[in-house]
Amino acid sequence: MNLEFLNFKTPHEVAMELAEKERAKRKYKKLTQQQLADRSGVSLGSLKRFEQTGEISLTSLLKLAFVLDSLKDFEGLFPKPEYKSIQEIIDANNK
């Protein structure tokens, strides 16, 4: 019996994990919060709020990811469906 579905995370938990990963990468690159804010164009307040609460706009998150060389990690977020037949394409377009 597959019980993987019982190990799901809430959106807040995922956001907090992203914030922790961002903070770790910022520190690894020896950047202060102010330096990252300046280089990314994200306000210092937004960066601090993100690191503390996980809350940030998508645009600001992408700006931080760009500066931290992690923008490519977002490319696989919503992959295009891979159709196996013409019928699947037709069915998808009729929804």
# chains A, B, ... in the order shown; residues from 1 in each chain; ligands from 1
>>> residues_around(residues="stretch 31-39 of chain A", least_positions_apart="6", cutoff="12 Å", atoms="only C-alpha atoms", output="number ranges by chain")
A: 22-25, 45-51, 60-61, 63-68
>>> atom_distance(atom1="atom CA of A:Gly54", atom2="atom CA of A:Pro11")
9.7 Å
>>> select_by_dssp(residues="stretch 6-86 of chain A", states="helix (DSSP H, G or I)", output="NGL selection string")
:A and (6-7 or 11-28 or 33-40 or 44-53 or 58-67 or 71-74 or 86)
>>> write_last_selection(atoms="C-alpha atoms", output="PDB file, in the first residue's frame")
ATOM      1  CA  LEU A   6       0.137  11.036   3.935  1.00  0.00           C
ATOM      2  CA  ASN A   7       3.459  12.885   3.836  1.00  0.00           C
ATOM      3  CA  PRO A  11       1.925  25.629   1.520  1.00  0.00           C
ATOM      4  CA  HIS A  12       3.253  27.373   4.633  1.00  0.00           C
ATOM      5  CA  GLU A  13       5.712  24.541   5.300  1.00  0.00           C
ATOM      6  CA  VAL A  14       6.969  24.677   1.724  1.00  0.00           C
ATOM      7  CA  ALA A  15       7.315  28.469   1.937  1.00  0.00           C
ATOM      8  CA  MET A  16       9.329  28.176   5.150  1.00  0.00           C
ATOM      9  CA  GLU A  17      11.587  25.563   3.555  1.00  0.00           C
ATOM     10  CA  LEU A  18      12.154  27.875   0.580  1.00  0.00           C
ATOM     11  CA  ALA A  19      12.995  30.719   2.958  1.00  0.00           C
ATOM     12  CA  GLU A  20      15.506  28.534   4.813  1.00  0.00           C
ATOM     13  CA  LYS A  21      17.111  27.423   1.551  1.00  0.00           C
ATOM     14  CA  GLU A  22      17.340  31.037   0.374  1.00  0.00           C
ATOM     15  CA  ARG A  23      18.926  32.102   3.666  1.00  0.00           C
ATOM     16  CA  ALA A  24      21.445  29.232   3.517  1.00  0.00           C
ATOM     17  CA  LYS A  25      22.393  30.062  -0.075  1.00  0.00           C
ATOM     18  CA  ARG A  26      22.692  33.772   0.753  1.00  0.00           C
ATOM     19  CA  LYS A  27      25.041  32.953   3.626  1.00  0.00           C
ATOM     20  CA  TYR A  28      26.999  30.471   1.505  1.00  0.00           C
ATOM     21  CA  GLN A  33      20.519  40.682   3.721  1.00  0.00           C
ATOM     22  CA  GLN A  34      21.246  44.266   2.677  1.00  0.00           C
ATOM     23  CA  GLN A  35      23.611  43.173  -0.095  1.00  0.00           C
ATOM     24  CA  LEU A  36      21.105  40.676  -1.472  1.00  0.00           C
ATOM     25  CA  ALA A  37      18.327  43.247  -1.281  1.00  0.00           C
ATOM     26  CA  ASP A  38      20.459  45.791  -3.142  1.00  0.00           C
ATOM     27  CA  ARG A  39      21.558  43.354  -5.852  1.00  0.00           C
ATOM     28  CA  SER A  40      18.078  41.928  -6.416  1.00  0.00           C
ATOM     29  CA  LEU A  44      15.223  44.818   2.714  1.00  0.00           C
ATOM     30  CA  GLY A  45      11.895  44.622   4.549  1.00  0.00           C
ATOM     31  CA  SER A  46      10.509  42.118   2.039  1.00  0.00           C
ATOM     32  CA  LEU A  47      13.638  39.995   2.277  1.00  0.00           C
ATOM     33  CA  LYS A  48      13.551  39.994   6.078  1.00  0.00           C
ATOM     34  CA  ARG A  49       9.842  39.129   6.086  1.00  0.00           C
ATOM     35  CA  PHE A  50      10.492  36.262   3.682  1.00  0.00           C
ATOM     36  CA  GLU A  51      13.276  34.819   5.793  1.00  0.00           C
ATOM     37  CA  GLN A  52      11.143  35.062   8.938  1.00  0.00           C
ATOM     38  CA  THR A  53       7.678  34.101   7.680  1.00  0.00           C
ATOM     39  CA  LEU A  58       6.455  35.701  -6.711  1.00  0.00           C
ATOM     40  CA  THR A  59       8.272  38.477  -8.570  1.00  0.00           C
ATOM     41  CA  SER A  60      10.473  39.211  -5.568  1.00  0.00           C
ATOM     42  CA  LEU A  61      11.190  35.515  -5.048  1.00  0.00           C
ATOM     43  CA  LEU A  62      12.262  35.190  -8.676  1.00  0.00           C
ATOM     44  CA  LYS A  63      14.526  38.242  -8.338  1.00  0.00           C
ATOM     45  CA  LEU A  64      16.216  36.679  -5.302  1.00  0.00           C
ATOM     46  CA  ALA A  65      16.561  33.368  -7.134  1.00  0.00           C
ATOM     47  CA  PHE A  66      18.176  35.141 -10.088  1.00  0.00           C
ATOM     48  CA  VAL A  67      20.831  36.776  -7.921  1.00  0.00           C
ATOM     49  CA  LEU A  71      16.235  30.818 -11.219  1.00  0.00           C
ATOM     50  CA  LYS A  72      16.563  27.615 -13.263  1.00  0.00           C
ATOM     51  CA  ASP A  73      15.023  25.710 -10.343  1.00  0.00           C
ATOM     52  CA  PHE A  74      11.653  27.289 -11.166  1.00  0.00           C
ATOM     53  CA  ILE A  86      -3.980  12.457 -30.421  1.00  0.00           C
TER      54      ILE A  86
END
